[in-house]
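J.: Please find query-v4.txt (compact mmCIF, C-alpha atoms) on the next line:
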```
# COMPACT_ATOMS: atom_id res chain seq x y z
CA MET J 27 -13.29 -82.84 112.27
CA PRO J 28 -10.59 -81.03 114.32
CA LEU J 29 -6.97 -81.63 113.47
CA GLU J 30 -4.86 -83.63 115.91
CA ALA J 31 -1.33 -82.82 116.87
CA VAL J 32 1.26 -84.80 114.95
CA GLU J 33 3.75 -86.53 117.21
CA ALA J 34 6.95 -88.11 115.98
CA ARG J 35 7.06 -91.45 117.74
CA ARG J 36 10.31 -92.37 119.37
CA LEU J 37 12.22 -95.01 117.48
CA TYR J 38 12.12 -97.58 120.28
CA ARG J 39 8.32 -97.19 120.43
CA GLN J 40 8.12 -97.96 116.71
CA VAL J 41 10.17 -101.11 117.28
CA ALA J 42 7.99 -102.08 120.27
CA ASP J 43 4.82 -101.54 118.21
CA GLN J 44 6.15 -103.72 115.40
CA LEU J 45 7.12 -106.54 117.75
CA ARG J 46 3.78 -106.31 119.53
CA SER J 47 1.97 -106.65 116.19
CA LEU J 48 4.00 -109.76 115.37
CA ILE J 49 3.10 -111.25 118.75
CA ASP J 50 -0.60 -110.42 118.31
CA SER J 51 -0.62 -111.96 114.81
CA GLY J 52 0.85 -115.21 116.11
CA GLU J 53 4.21 -114.80 114.41
CA TYR J 54 5.71 -115.23 117.87
CA ALA J 55 3.48 -117.52 119.90
CA VAL J 56 3.16 -117.48 123.70
CA GLY J 57 6.10 -119.43 125.12
CA SER J 58 8.30 -118.95 122.08
CA ARG J 59 11.67 -117.24 122.22
CA LEU J 60 12.36 -114.09 120.23
CA PRO J 61 15.52 -113.70 118.15
CA THR J 62 18.49 -112.27 120.02
CA GLU J 63 18.96 -108.52 120.38
CA ARG J 64 21.69 -108.63 117.77
CA GLU J 65 19.48 -110.44 115.27
CA LEU J 66 16.56 -108.08 115.88
CA ALA J 67 18.83 -105.05 115.45
CA GLU J 68 20.14 -106.40 112.15
CA GLN J 69 16.65 -107.22 110.83
CA LEU J 70 15.17 -103.88 111.88
CA LYS J 71 18.24 -101.83 110.87
CA VAL J 72 18.42 -100.10 114.25
CA SER J 73 20.93 -100.05 117.10
CA ARG J 74 20.95 -102.66 119.85
CA PRO J 75 20.19 -100.04 122.54
CA THR J 76 17.01 -99.13 120.61
CA VAL J 77 16.02 -102.80 120.50
CA ARG J 78 16.71 -103.13 124.21
CA GLU J 79 14.54 -100.12 125.02
CA ALA J 80 11.73 -101.70 122.97
CA LEU J 81 12.08 -105.05 124.74
CA ILE J 82 12.07 -103.41 128.16
CA ALA J 83 8.93 -101.46 127.20
CA LEU J 84 7.18 -104.68 126.18
CA GLU J 85 8.29 -106.39 129.37
CA VAL J 86 6.84 -103.56 131.46
CA GLU J 87 3.61 -103.95 129.47
CA GLY J 88 3.53 -107.63 130.37
CA ARG J 89 4.08 -109.01 126.85
CA LEU J 90 7.60 -110.40 127.27
CA ARG J 91 9.75 -111.94 129.96
CA ILE J 92 13.51 -111.52 129.86
CA ARG J 93 15.48 -114.39 131.38
CA VAL J 94 19.10 -113.51 131.81
CA GLY J 95 21.31 -116.14 130.24
CA SER J 96 18.39 -117.76 128.43
CA GLY J 97 16.61 -115.30 126.18
CA ILE J 98 13.48 -113.21 125.61
CA TYR J 99 10.17 -115.09 125.77
CA VAL J 100 6.61 -114.23 124.80
CA ILE J 101 4.15 -114.56 127.68
CA GLU J 102 0.39 -114.31 128.06
CA PRO J 103 -0.69 -110.65 127.84
CA ALA J 104 -1.06 -109.00 131.23
CA ALA J 105 -4.59 -108.31 132.38
CA VAL J 106 -3.67 -104.71 133.19
CA ALA J 107 -3.38 -102.43 130.17
CA ALA J 108 -0.15 -100.57 129.47
CA PRO J 109 0.05 -97.10 131.03
CA ALA J 110 -1.43 -94.37 128.89
CA THR J 111 1.76 -92.33 129.24
CA ALA J 112 3.92 -95.07 127.68
CA SER J 113 4.24 -93.20 124.40
CA VAL J 114 5.87 -90.19 126.08
CA ILE J 115 8.37 -92.04 128.30
CA GLU J 116 11.95 -91.50 127.24
CA GLY J 117 14.07 -94.58 126.71
CA PRO J 118 16.87 -95.23 129.24
CA PHE J 119 19.66 -94.92 126.65
CA GLU J 120 18.08 -91.78 125.22
CA LEU J 121 18.19 -90.22 128.67
CA LEU J 122 21.78 -91.28 129.34
CA ARG J 123 22.97 -89.90 126.00
CA ALA J 124 21.30 -86.57 126.76
CA ARG J 125 22.92 -86.49 130.19
CA GLU J 126 26.32 -87.39 128.74
CA PHE J 127 26.14 -84.42 126.37
CA LEU J 128 24.80 -81.91 128.89
CA GLU J 129 26.60 -82.87 132.08
CA SER J 130 30.00 -83.19 130.41
CA ALA J 131 29.77 -79.51 129.45
CA ILE J 132 28.57 -78.62 132.95
CA ALA J 133 31.49 -80.48 134.59
CA GLU J 134 33.92 -78.70 132.28
CA GLN J 135 32.60 -75.29 133.37
CA ALA J 136 32.41 -76.37 137.02
CA ALA J 137 36.16 -77.02 136.95
CA ARG J 138 36.63 -73.35 136.03
CA VAL J 139 34.30 -71.74 138.56
CA ALA J 140 33.73 -74.14 141.49
CA THR J 141 34.40 -72.60 144.90
CA LYS J 142 35.38 -74.25 148.18
CA ASP J 143 31.72 -74.26 149.20
CA ASP J 144 30.75 -75.96 145.94
CA LEU J 145 33.40 -78.63 146.49
CA ALA J 146 32.18 -79.11 150.05
CA ARG J 147 28.67 -79.90 148.75
CA ILE J 148 30.08 -82.30 146.14
CA ASP J 149 32.22 -83.99 148.82
CA ALA J 150 29.24 -84.31 151.17
CA SER J 151 27.24 -86.16 148.51
CA LEU J 152 30.20 -88.43 147.78
CA PHE J 153 30.63 -89.23 151.46
CA ALA J 154 26.95 -90.13 151.70
CA MET J 155 27.25 -92.35 148.60
CA GLU J 156 30.14 -94.23 150.19
CA ASN J 157 28.02 -95.15 153.20
CA VAL J 158 24.75 -96.31 151.66
CA GLU J 159 23.47 -99.63 150.38
CA HIS J 160 22.74 -100.05 146.69
CA PRO J 161 20.45 -100.57 144.96
CA GLY J 162 17.97 -98.60 146.98
CA GLU J 163 16.10 -95.31 147.24
CA ALA J 164 18.73 -93.70 149.49
CA SER J 165 21.55 -94.37 147.04
CA MET J 166 19.58 -92.67 144.26
CA VAL J 167 18.98 -89.63 146.46
CA HIS J 168 22.71 -89.17 147.08
CA ASP J 169 23.64 -89.91 143.47
CA ARG J 170 21.20 -87.21 142.37
CA ALA J 171 22.65 -84.79 144.93
CA PHE J 172 26.13 -85.28 143.46
CA HIS J 173 25.08 -84.37 139.92
CA VAL J 174 22.90 -81.48 141.08
CA ALA J 175 25.74 -80.11 143.24
CA ILE J 176 28.04 -79.95 140.22
CA ALA J 177 25.37 -78.12 138.22
CA GLY J 178 24.79 -75.83 141.18
CA SER J 179 28.39 -74.61 141.09
CA LEU J 180 27.56 -72.74 137.86
CA GLY J 181 25.02 -70.57 139.66
CA ASN J 182 22.30 -71.25 137.06
CA ALA J 183 18.96 -72.37 138.47
CA VAL J 184 17.73 -73.58 135.07
CA LEU J 185 20.66 -76.00 134.70
CA VAL J 186 20.10 -77.27 138.25
CA ARG J 187 16.44 -77.95 137.45
CA VAL J 188 17.22 -79.62 134.11
CA VAL J 189 19.91 -81.89 135.59
CA GLY J 190 17.58 -82.83 138.44
CA GLU J 191 14.67 -83.56 136.13
CA LEU J 192 16.79 -85.68 133.79
CA PHE J 193 18.08 -87.69 136.73
CA ASP J 194 14.54 -88.16 138.04
CA GLN J 195 13.67 -89.99 134.83
CA ARG J 196 15.51 -92.95 136.36
CA LEU J 197 12.28 -93.46 138.26
CA ASN J 198 10.29 -94.14 135.10
CA PRO J 199 9.23 -97.81 134.76
CA TYR J 200 11.44 -98.54 131.75
CA PHE J 201 14.61 -97.24 133.36
CA ALA J 202 13.76 -98.95 136.65
CA GLN J 203 13.20 -102.28 134.89
CA LEU J 204 16.50 -102.07 133.02
CA ALA J 205 18.38 -101.11 136.20
CA HIS J 206 16.82 -104.14 137.92
CA TYR J 207 18.92 -106.44 135.72
CA PHE J 208 22.29 -104.76 135.94
CA GLU J 209 22.65 -102.64 139.07
CA ASN J 210 24.23 -104.22 142.13
CA PRO J 211 26.78 -103.33 144.84
CA GLY J 212 29.63 -104.04 142.40
CA THR J 213 28.37 -101.62 139.76
CA TRP J 214 27.75 -99.07 142.52
CA ARG J 215 31.40 -99.22 143.63
CA THR J 216 32.51 -98.80 140.02
CA ALA J 217 30.22 -95.80 139.55
CA LEU J 218 31.48 -94.34 142.82
CA ASP J 219 35.07 -94.48 141.54
CA GLU J 220 33.91 -92.69 138.38
CA HIS J 221 32.25 -90.00 140.51
CA ARG J 222 35.49 -89.49 142.45
CA ALA J 223 37.37 -88.96 139.17
CA VAL J 224 34.90 -86.21 138.24
CA ARG J 225 35.25 -84.60 141.65
CA ASP J 226 39.06 -84.70 141.58
CA ALA J 227 39.19 -83.08 138.12
CA ILE J 228 36.87 -80.28 139.27
CA ALA J 229 38.91 -79.78 142.45
CA ALA J 230 42.08 -79.59 140.33
CA HIS J 231 40.39 -76.94 138.14
CA ASP J 232 41.12 -79.03 135.04
CA PRO J 233 38.22 -78.41 132.61
CA ASP J 234 39.33 -80.96 130.01
CA ALA J 235 39.77 -83.71 132.58
CA ALA J 236 36.44 -82.88 134.24
CA ARG J 237 34.58 -83.02 130.92
CA GLU J 238 36.20 -86.33 130.01
CA ALA J 239 35.60 -87.85 133.46
CA MET J 240 31.87 -87.03 133.34
CA ARG J 241 31.57 -88.22 129.74
CA ASN J 242 33.37 -91.44 130.68
CA HIS J 243 31.07 -92.01 133.69
CA LEU J 244 27.84 -91.65 131.72
CA ALA J 245 29.17 -93.59 128.71
CA ARG J 246 30.14 -96.45 130.99
CA SER J 247 26.69 -96.33 132.58
CA GLN J 248 25.28 -96.97 129.12
CA ALA J 249 27.74 -99.82 128.60
CA ARG J 250 26.72 -101.43 131.89
CA PHE J 251 23.05 -101.31 130.88
CA ALA J 252 23.92 -102.75 127.45
CA GLN J 253 25.39 -106.01 128.72
CA ASN J 254 23.95 -109.04 127.01
CA PHE J 255 20.99 -110.59 128.78
CA GLY J 256 20.16 -113.07 126.04
CA ALA J 257 21.07 -116.68 125.43
CA VAL J 258 24.65 -115.80 124.44
CA ALA J 259 25.34 -114.67 128.02
CA ALA J 260 25.22 -118.28 129.15
CA SER J 261 28.45 -118.99 127.28
CA GLY J 262 30.31 -116.71 129.65
CA SER J 263 29.15 -118.53 132.79
CA SER J 264 31.48 -120.72 134.79
CA SER J 265 29.33 -123.76 134.02
CA ALA J 266 30.11 -123.37 130.33
CA ARG J 267 33.85 -123.42 130.76
CA PRO J 268 35.63 -126.49 129.37
CA PRO J 269 36.75 -128.95 132.02
CA ALA J 270 40.32 -128.68 133.16
CA ALA J 271 42.82 -131.01 131.57
CA PRO J 272 43.22 -134.16 133.68
CA ALA J 273 46.27 -134.34 135.85
CA LYS J 274 49.00 -136.85 135.09
CA PRO J 275 49.81 -138.36 138.48
CA GLU J 276 51.58 -141.41 137.04
CA ARG J 277 54.62 -139.64 135.69
CA ALA J 278 56.21 -138.69 139.00
CA PRO J 279 55.95 -142.20 140.50
CA LYS J 280 57.34 -143.64 137.26
CA LYS J 281 60.39 -141.40 137.40
CA GLN J 282 60.82 -142.26 141.04
CA SER J 283 60.72 -146.01 140.38
CA GLU J 284 63.26 -145.64 137.57
CA ARG J 285 65.61 -143.82 139.90
CA GLN J 286 65.21 -146.54 142.52
CA ALA J 287 65.87 -149.27 139.94
CA LYS J 288 69.05 -147.57 138.73
CA LYS J 289 70.22 -147.07 142.29
CA GLN J 290 69.55 -150.72 143.10
CA ALA J 291 71.37 -151.89 139.95
CA LYS J 292 74.38 -149.72 140.76
CA LYS J 293 74.44 -151.07 144.29
CA GLN J 294 74.24 -154.62 143.00
CA ALA J 295 77.07 -153.99 140.52
CA LYS J 296 79.32 -152.62 143.25
CA LYS J 297 78.53 -155.60 145.42
CA GLN J 298 79.31 -157.98 142.59
CA ALA J 299 82.59 -156.19 141.82
CA LYS J 300 83.62 -156.39 145.45
CA LYS J 301 82.79 -160.07 145.55
CA GLN J 302 84.84 -160.73 142.45
CA ALA J 303 87.80 -158.78 143.86
CA THR J 304 87.69 -160.80 147.09
CA SER J 305 87.52 -164.08 145.19
CA GLY J 306 90.51 -163.16 143.04
CA SER J 307 92.57 -162.23 146.09
CA ALA J 308 91.87 -165.57 147.71
CA ARG J 309 93.02 -167.47 144.65
CA ARG J 310 96.32 -165.57 144.55
CA ARG J 311 97.02 -166.49 148.11
```
For this file, write the structure as structure tokens.
T.:
Amino acid sequence: MPLEAVEARRLYRQVADQLRSLIDSGEYAVGSRLPTERELAEQLKVSRPTVREALIALEVEGRLRIRVGSGIYVIEPAAVAAPATASVIEGPFELLRAREFLESAIAEQAARVATKDDLARIDASLFAMENVEHPGEASMVHDRAFHVAIAGSLGNAVLVRVVGELFDQRLNPYFAQLAHYFENPGTWRTALDEHRAVRDAIAAHDPDAAREAMRNHLARSQARFAQNFGAVAASGSSSARPPAAPAKPERAPKKQSERQAKKQAKKQAKKQAKKQATSGSARRR
């Protein structure tokens, strides 16, 4: 029997396989809610991003449904089988960590060598990003152009290809599903500000600032994708806020009535004093 290649399975796939087995065995029945991401991470001794990648993979396979603000629920298995390439798809956080490491170094070098033409290409992509709706295909095209333009300033075709290929992994079903929950016009504006910081550091020929700006941008991208979408998120909603303390409308009228009473009493006293003075004068006469 011929030998088969040994493949080290990605950690999130191992987590997904274990959860799938528990679902198939009835440990988690259809309609039941899974433990929170935090609880799963603690039980499995892995990071929360790894758990999230596993949950997203199972959702794409049609085994789970994630309800933001409610939790993660087991659903009836999808009729369509999971894609055969699932085992070789990189997890979203795995990709972002790789990009953070690689593109920070590229931005640092770009700040040393970027020419006016390089900056013009970076600025053109930024301008296009400012005038496009997000989320959408067009915004991804211009976002990709920005990162590729920075790599292009180094004059190394291999780095341009690698940066482009890493960015293109955003189109894989796991990354797309995760982005579906957390990307919106607000996150786009935030990311655009982060892009401008990278551009400005490169234009200022400040390698340290450029490296840190790119690292910050990709680290914050990971943080945005790591926001809680489980039951705990509901506690941060406006509906969960405690009601405002009731107003106390009676105090002002009370003070006002007291002032009026004192004023009336003082007026009455003066009137009485005047009356007494008049009476005494008449008696003397």
J.: May I ask which of the residues J:Gly57, J:Gly95, J:Gly117, J:Pro211 is the closest one to J:Leu37, counting all atoms listed in the file?
T.: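 Looking only at the distances to J:Leu37, the closest residue turns out to be J:Gly117.
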J.: What does the distance from atom CA of J:Met155 to atom CA of J:Arg138 come to in Å, to one decimal?
T.: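 Taking atom CA of J:Met155 as the start and atom CA of J:Arg138 as the end point, the length is 24.6 Å.
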J.: Work out how far atom CA of J:Phe208 is from atom CA of J:Lys71, in Å to one decimal.
T.: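 Value for the atom CA of J:Lys71-atom CA of J:Phe208 distance: 25.6 Å.
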J.: Which value, in Å to one decimal, gives the distance between atom CA of J:Ala239 and atom CA of J:Val224?
T.: 5.1 Å
J.: Give me, as a PyMOL selection string, all polymer residues having an atom no more than 12 Å from J:Val158, counting only C-alpha atoms and skipping those fewer than 2 positions away in the same chain.
T.: chain J and resi 151-156+160-169+211+214-215+218
J.: Write the residues you've just listed into a file as an mmCIF file, in the frame of the given file, and include C-alpha atoms for each of them.
T.:
```
data_model
loop_
_atom_site.group_PDB
_atom_site.id
_atom_site.type_symbol
_atom_site.label_atom_id
_atom_site.label_comp_id
_atom_site.auth_asym_id
_atom_site.auth_seq_id
_atom_site.Cartn_x
_atom_site.Cartn_y
_atom_site.Cartn_z
ATOM 1 C CA SER J 151 27.240 -86.160 148.510
ATOM 2 C CA LEU J 152 30.200 -88.430 147.780
ATOM 3 C CA PHE J 153 30.630 -89.230 151.460
ATOM 4 C CA ALA J 154 26.950 -90.130 151.700
ATOM 5 C CA MET J 155 27.250 -92.350 148.600
ATOM 6 C CA GLU J 156 30.140 -94.230 150.190
ATOM 7 C CA HIS J 160 22.740 -100.050 146.690
ATOM 8 C CA PRO J 161 20.450 -100.570 144.960
ATOM 9 C CA GLY J 162 17.970 -98.600 146.980
ATOM 10 C CA GLU J 163 16.100 -95.310 147.240
ATOM 11 C CA ALA J 164 18.730 -93.700 149.490
ATOM 12 C CA SER J 165 21.550 -94.370 147.040
ATOM 13 C CA MET J 166 19.580 -92.670 144.260
ATOM 14 C CA VAL J 167 18.980 -89.630 146.460
ATOM 15 C CA HIS J 168 22.710 -89.170 147.080
ATOM 16 C CA ASP J 169 23.640 -89.910 143.470
ATOM 17 C CA PRO J 211 26.780 -103.330 144.840
ATOM 18 C CA TRP J 214 27.750 -99.070 142.520
ATOM 19 C CA ARG J 215 31.400 -99.220 143.630
ATOM 20 C CA LEU J 218 31.480 -94.340 142.820
#
```
